[in-house]
Amino acid sequence: MVRWIIFTLIYVILSFYTIQALKTASRFPWVYYLFIGISLLVLSNFIFQFTWGDDTGRVLNRPKSYAFGFLIAVLTFNIITIFFLFSEDIFRFISGSYQRFFGGSKEFSLPERRRFLSILALGIASVPFGALLYGMYKGKYDFRVLRYDMEFEDLPSSFDGYQITQISDVHSGSFDNEEKIRYAIDLINKQKSNILFFTGDMVNNKAEEMRPWTAIFSELRAEDGKYSILGNHDYGDYISWRTEEEKMANLDELKEMQREMGFDLLLNESRYLKKGGDKIALVGVENWGRGGFKKAGDLKKAAKAIDKNDFKILLSHDPSHWEDVVIHDDYHYQLTLSGHTHGMQFGIEIPGWIKWSPVKWRYKYWAGIYEELGQYINVNRGFGFIGYPGRVGIWPEITVITLKKKDLT
């Protein structure tokens with residue numbers, strides 16, 4: 001209770017400061033009355049959802065996600081506004097103190113200057129505020145197809161031009177628009193790739209979250225099949241279960257559901273993809289993540305049935321596994337496909353110029369193609385979303401990779 005009181009006081013103080021800016025900038029009272037109403041509604045809904053709403057464990061359900069999203073948007077608007085005005089207040093305090101003791105001009109205390117800064121602060125604050133709302137309304141379903149041509153000296157000749165589609169981090173428990181999901185599935189099929197890989201996190205918590213979407217995802221097509229692995233959310237570790245047997249039954253249900261949808265689920269095991277007289281080793285590990293994440297992945301076990309000299313594609317959900325284990329393994333894994341980071345669902349990307357997200361402070365390899373020790377990884381930005389119910393700058397991704405044999409002549 002005490003923490004909620006403290007949080008409410010901080011929120012009210014921040015909002016009050018912004019209201020003063022609105023009063024200074026606008027001559028229409030309805031503007032700041034509207035802001036007061038919105039602020040109170042957002043605060044009330046957030047407190048309700050996180051005190052009396054359904055307890056879904058560590059992962060937010062949809063009502064909680066939206067309550068969190070709207071709160072973040074309002075707080076961002078307040079904090080940016082206050083940054084400008086509070087800096088001005090400090091400057092005015094210092095300037096006023098100087099004038100009081102030493103005399104001088106009063107130009108820095110003119111109301112016109114305050115109004116100008118209020119308008120400037122509110123204008124700048126409205127940009128991320130609008131972006132966060134856009135991300136919740138449309139950005140989360142703004143699917144992008146990202147294409148890469150990747151050359152390998154040791155690629156078997158029959159696989160020259162072989163096309164892969166990768167999706168990751170579906171998080172079906174967050175979906176709220178069937179039409180958009182159908183559009184994304186159609187978009188995947190339009191790529192007409194030879195093979196489809198899904199690299200983990202089908203659900204947020206429970207297998208039942210995927211049940212309404214199994215028919216749609218069953219429509220995914222690839223001539224050489226669909227392969228999948230598990231991600232950290234698929235194990236049901238982030239909610240409470242009455243018994244361990246109930247938790248295991250949930251995981252078994254999710255595994256069976258993936259098979260029903262036509263996926264060959266790889267659980268620390270391998271397959272061979274054959275074309276002409278050539279073959280590629282496909283290896284899939286269970287989740288292995290740095291820190292407190294589940295470490296069910298066993299690379300040695302998964303690769304025991306393949307040869308060291310095979311060309312290999314590894315499916316591993318968490319890119320920290322590639323960094324900590326895979327690239328240092330005795331086997332040479334030419335290409336690893338991962339997900340997990342979502343690109344934090346927030347950042348700035350302008351191809352050929354800038355790629356940035358706060359998630360880079362936690363994950364060195366967080367989105368796109370990377371190379372280390374002659375081995376490559378693609379970190380997919382994710383198909384779905386979780387927590388904040390939107391995406392800003394880091395859009396949902398469908399990866400299409402074309403394998404090419406490097407010409408050595």
# chains A, B, ... in the order shown; residues from 1 in each chain; ligands from 1

call {"tool": "residues_around", "arguments": {"residues": "stretch 167-173 of chain A", "least_positions_apart": "3", "cutoff": "8 Å", "atoms": "only C-alpha atoms", "output": "list in words"}}
result
Asn61, Leu196, Phe197, Phe198, Thr199, Gly200, Asp201, Met202, Val203, Asn204, Asn205, Glu209, Met210, Trp213, Gly231, Ser338, Gly339, His340, His342, Asn380, Arg381, Gly382, Phe383, Gly384, Phe385, Ile386, Glu397, Ile398 and Thr399 of chain A

call {"tool": "residues_around", "arguments": {"residues": "stretch 270-279 of chain A", "least_positions_apart": "4", "cutoff": "9 Å", "atoms": "only C-alpha atoms", "output": "MDAnalysis selection string"}}
result
chainID A and resid 156:159 224 266 283:285 302:306 310:311

call {"tool": "write_last_selection", "arguments": {"atoms": "C-alpha atoms", "output": "PDB file, in the first residue's frame"}}
result
ATOM      1  CA  PRO A 156      26.749 -27.720 -50.680  1.00  0.00           C
ATOM      2  CA  SER A 157      26.218 -26.850 -54.349  1.00  0.00           C
ATOM      3  CA  SER A 158      22.672 -28.206 -54.478  1.00  0.00           C
ATOM      4  CA  PHE A 159      21.631 -25.650 -51.859  1.00  0.00           C
ATOM      5  CA  ASP A 224      10.688 -28.799 -47.357  1.00  0.00           C
ATOM      6  CA  LEU A 266      13.435 -30.181 -32.367  1.00  0.00           C
ATOM      7  CA  VAL A 283      20.235 -28.754 -35.342  1.00  0.00           C
ATOM      8  CA  GLY A 284      17.678 -27.548 -32.806  1.00  0.00           C
ATOM      9  CA  VAL A 285      18.333 -26.925 -29.106  1.00  0.00           C
ATOM     10  CA  ALA A 302      21.582 -32.074 -30.223  1.00  0.00           C
ATOM     11  CA  ALA A 303      24.566 -32.586 -32.554  1.00  0.00           C
ATOM     12  CA  LYS A 304      25.503 -36.142 -31.654  1.00  0.00           C
ATOM     13  CA  ALA A 305      23.958 -37.624 -34.821  1.00  0.00           C
ATOM     14  CA  ILE A 306      25.666 -35.256 -37.278  1.00  0.00           C
ATOM     15  CA  ASP A 310      28.547 -31.016 -42.235  1.00  0.00           C
ATOM     16  CA  PHE A 311      27.219 -27.620 -43.220  1.00  0.00           C
TER      17      PHE A 311
END

call {"tool": "closest_residue", "arguments": {"among": "A:Ser357, A:Asn78, A:Thr336, A:Thr402", "to": "A:Ile369", "atoms": "only C-alpha atoms"}}
result
A:Thr336

call {"tool": "select_by_dssp", "arguments": {"residues": "stretch 36-240 of chain A", "states": "strand (DSSP E)", "output": "compact mmCIF listing (two decimals) with C-alpha atoms, in the first residue's frame"}}
result
# COMPACT_ATOMS: atom_id res chain seq x y z
CA ARG A 144 8.23 -6.17 -42.32
CA VAL A 145 9.95 -8.69 -44.57
CA LEU A 146 13.74 -8.38 -44.17
CA ARG A 147 15.84 -10.10 -46.84
CA TYR A 148 19.43 -11.24 -46.63
CA ASP A 149 21.72 -12.97 -49.14
CA MET A 150 24.36 -14.98 -47.29
CA GLU A 151 27.39 -16.51 -49.00
CA PHE A 152 29.31 -19.53 -47.70
CA TYR A 162 18.06 -22.15 -51.13
CA GLN A 163 15.58 -19.82 -49.41
CA ILE A 164 14.75 -19.81 -45.68
CA THR A 165 11.97 -17.99 -43.87
CA GLN A 166 12.41 -17.43 -40.14
CA ILE A 167 9.86 -16.19 -37.63
CA ILE A 195 11.76 -24.11 -45.64
CA LEU A 196 10.30 -22.36 -42.60
CA PHE A 197 11.91 -22.06 -39.16
CA PHE A 198 10.24 -20.89 -35.94
CA LYS A 226 8.39 -26.38 -40.99
CA TYR A 227 10.73 -26.76 -38.02
CA SER A 228 10.53 -25.25 -34.54

call {"tool": "atom_distance", "arguments": {"atom1": "atom CA of A:Phe50", "atom2": "atom CA of A:Lys64"}}
result
6.9 Å

call {"tool": "residues_around", "arguments": {"residues": "A:Ile216", "least_positions_apart": "5", "cutoff": "8 Å", "atoms": "only C-alpha atoms", "output": "list in words"}}
result
Ile181, Arg182 and Ile185 of chain A

call {"tool": "residues_around", "arguments": {"residues": "A:Thr18", "least_positions_apart": "5", "cutoff": "10 Å", "atoms": "only C-alpha atoms", "output": "VMD selection string"}}
result
chain A and resid 12 to 13 23 to 24 32 35 to 36 77 to 82 85 118 121 to 122

call {"tool": "residues_around", "arguments": {"residues": "A:Trp361", "least_positions_apart": "3", "cutoff": "12 Å", "atoms": "only C-alpha atoms", "output": "number ranges by chain"}}
result
A: 341, 343-344, 356-358, 364-366

call {"tool": "select_by_dssp", "arguments": {"residues": "stretch 134-253 of chain A", "states": "helix (DSSP H, G or I)", "output": "VMD selection string"}}
result
chain A and resid 134 to 137 139 to 141 157 to 159 172 to 174 178 to 190 207 to 209 211 to 217 232 to 235 244 to 253

call {"tool": "write_last_selection", "arguments": {"atoms": "C-alpha atoms", "output": "PDB file, in the first residue's frame"}}
result
ATOM      1  CA  TYR A 134       0.909   4.668 -32.596  1.00  0.00           C
ATOM      2  CA  GLY A 135       2.989   1.656 -31.596  1.00  0.00           C
ATOM      3  CA  MET A 136       0.056   0.314 -29.580  1.00  0.00           C
ATOM      4  CA  TYR A 137      -2.507   1.058 -32.269  1.00  0.00           C
ATOM      5  CA  GLY A 139       3.047  -0.536 -34.963  1.00  0.00           C
ATOM      6  CA  LYS A 140       2.685  -3.940 -33.295  1.00  0.00           C
ATOM      7  CA  TYR A 141       1.211  -5.377 -36.507  1.00  0.00           C
ATOM      8  CA  SER A 157      26.218 -26.850 -54.349  1.00  0.00           C
ATOM      9  CA  SER A 158      22.672 -28.206 -54.478  1.00  0.00           C
ATOM     10  CA  PHE A 159      21.631 -25.650 -51.859  1.00  0.00           C
ATOM     11  CA  SER A 172       0.149 -15.612 -29.106  1.00  0.00           C
ATOM     12  CA  GLY A 173      -1.258 -14.694 -25.689  1.00  0.00           C
ATOM     13  CA  SER A 174      -0.832 -11.026 -26.617  1.00  0.00           C
ATOM     14  CA  GLU A 178      -7.253 -11.897 -36.085  1.00  0.00           C
ATOM     15  CA  GLU A 179      -7.290  -9.986 -39.379  1.00  0.00           C
ATOM     16  CA  LYS A 180      -3.735  -8.731 -38.857  1.00  0.00           C
ATOM     17  CA  ILE A 181      -2.453 -12.199 -37.957  1.00  0.00           C
ATOM     18  CA  ARG A 182      -4.072 -13.668 -41.074  1.00  0.00           C
ATOM     19  CA  TYR A 183      -2.378 -10.959 -43.127  1.00  0.00           C
ATOM     20  CA  ALA A 184       1.017 -11.884 -41.607  1.00  0.00           C
ATOM     21  CA  ILE A 185       0.537 -15.599 -42.310  1.00  0.00           C
ATOM     22  CA  ASP A 186      -0.359 -14.815 -45.922  1.00  0.00           C
ATOM     23  CA  LEU A 187       2.706 -12.583 -46.164  1.00  0.00           C
ATOM     24  CA  ILE A 188       4.925 -15.441 -44.964  1.00  0.00           C
ATOM     25  CA  ASN A 189       3.435 -17.836 -47.513  1.00  0.00           C
ATOM     26  CA  LYS A 190       3.921 -15.300 -50.306  1.00  0.00           C
ATOM     27  CA  ALA A 207      -0.471 -23.599 -24.208  1.00  0.00           C
ATOM     28  CA  GLU A 208      -4.158 -22.583 -24.241  1.00  0.00           C
ATOM     29  CA  GLU A 209      -3.123 -19.117 -25.489  1.00  0.00           C
ATOM     30  CA  ARG A 211      -5.430 -22.682 -29.249  1.00  0.00           C
ATOM     31  CA  PRO A 212      -7.434 -19.860 -30.957  1.00  0.00           C
ATOM     32  CA  TRP A 213      -4.620 -19.407 -33.483  1.00  0.00           C
ATOM     33  CA  THR A 214      -3.696 -22.986 -34.396  1.00  0.00           C
ATOM     34  CA  ALA A 215      -5.912 -23.087 -37.496  1.00  0.00           C
ATOM     35  CA  ILE A 216      -4.339 -19.900 -38.853  1.00  0.00           C
ATOM     36  CA  PHE A 217      -0.746 -21.002 -38.191  1.00  0.00           C
ATOM     37  CA  ASN A 232      11.966 -19.527 -22.492  1.00  0.00           C
ATOM     38  CA  HIS A 233       8.259 -18.593 -22.306  1.00  0.00           C
ATOM     39  CA  ASP A 234       7.103 -21.952 -23.630  1.00  0.00           C
ATOM     40  CA  TYR A 235       7.986 -23.821 -20.441  1.00  0.00           C
ATOM     41  CA  GLU A 244       4.500 -29.855 -11.184  1.00  0.00           C
ATOM     42  CA  GLU A 245       2.422 -32.409 -13.094  1.00  0.00           C
ATOM     43  CA  GLU A 246       0.064 -29.642 -14.239  1.00  0.00           C
ATOM     44  CA  LYS A 247       3.018 -27.602 -15.487  1.00  0.00           C
ATOM     45  CA  MET A 248       4.452 -30.555 -17.391  1.00  0.00           C
ATOM     46  CA  ALA A 249       1.035 -31.315 -18.903  1.00  0.00           C
ATOM     47  CA  ASN A 250       0.930 -27.739 -20.201  1.00  0.00           C
ATOM     48  CA  LEU A 251       4.305 -28.169 -21.901  1.00  0.00           C
ATOM     49  CA  ASP A 252       3.242 -31.504 -23.384  1.00  0.00           C
ATOM     50  CA  GLU A 253       0.101 -29.841 -24.742  1.00  0.00           C
TER      51      GLU A 253
END

call {"tool": "atom_distance", "arguments": {"atom1": "atom CA of A:Trp353", "atom2": "atom CA of A:Ile401"}}
result
21.5 Å

call {"tool": "residues_around", "arguments": {"residues": "A:Val42", "least_positions_apart": "5", "cutoff": "9 Å", "atoms": "only C-alpha atoms", "output": "number ranges by chain"}}
result
A: 37, 47, 67-68, 70-71, 74

call {"tool": "decode", "arguments": {"residues": "stretch 140-154 of chain A", "atoms": "N, CA and C atoms", "output": "short mmCIF file (atom, residue, chain, number, x, y, z; two decimals), in the first residue's frame"}}
result
data_model
loop_
_atom_site.label_atom_id
_atom_site.label_comp_id
_atom_site.auth_asym_id
_atom_site.auth_seq_id
_atom_site.Cartn_x
_atom_site.Cartn_y
_atom_site.Cartn_z
N LYS A 140 2.49 -2.55 -33.72
CA LYS A 140 2.68 -3.94 -33.29
C LYS A 140 2.34 -4.94 -34.39
N TYR A 141 1.57 -4.50 -35.39
CA TYR A 141 1.21 -5.38 -36.51
C TYR A 141 1.76 -4.87 -37.84
N ASP A 142 2.76 -4.01 -37.78
CA ASP A 142 3.35 -3.45 -39.00
C ASP A 142 4.47 -4.38 -39.47
N PHE A 143 4.07 -5.54 -39.98
CA PHE A 143 5.02 -6.60 -40.32
C PHE A 143 5.93 -6.18 -41.47
N ARG A 144 7.23 -6.49 -41.31
CA ARG A 144 8.23 -6.17 -42.32
C ARG A 144 8.95 -7.45 -42.75
N VAL A 145 9.15 -7.59 -44.04
CA VAL A 145 9.95 -8.69 -44.57
C VAL A 145 11.38 -8.17 -44.77
N LEU A 146 12.33 -8.76 -44.06
CA LEU A 146 13.74 -8.38 -44.17
C LEU A 146 14.48 -9.49 -44.91
N ARG A 147 15.19 -9.12 -45.97
CA ARG A 147 15.84 -10.10 -46.84
C ARG A 147 17.37 -10.00 -46.72
N TYR A 148 17.98 -11.17 -46.68
CA TYR A 148 19.43 -11.24 -46.63
C TYR A 148 19.92 -12.30 -47.61
N ASP A 149 20.97 -11.99 -48.35
CA ASP A 149 21.72 -12.97 -49.14
C ASP A 149 22.99 -13.30 -48.37
N MET A 150 23.20 -14.59 -48.08
CA MET A 150 24.36 -14.98 -47.29
C MET A 150 25.19 -15.99 -48.07
N GLU A 151 26.48 -15.67 -48.23
CA GLU A 151 27.39 -16.51 -49.00
C GLU A 151 28.27 -17.35 -48.07
N PHE A 152 28.46 -18.61 -48.46
CA PHE A 152 29.31 -19.53 -47.70
C PHE A 152 30.18 -20.33 -48.67
N GLU A 153 31.43 -20.42 -48.35
CA GLU A 153 32.34 -21.20 -49.20
C GLU A 153 32.00 -22.68 -49.18
N ASP A 154 31.57 -23.19 -48.02
CA ASP A 154 31.35 -24.62 -47.87
C ASP A 154 29.88 -25.03 -48.02
#
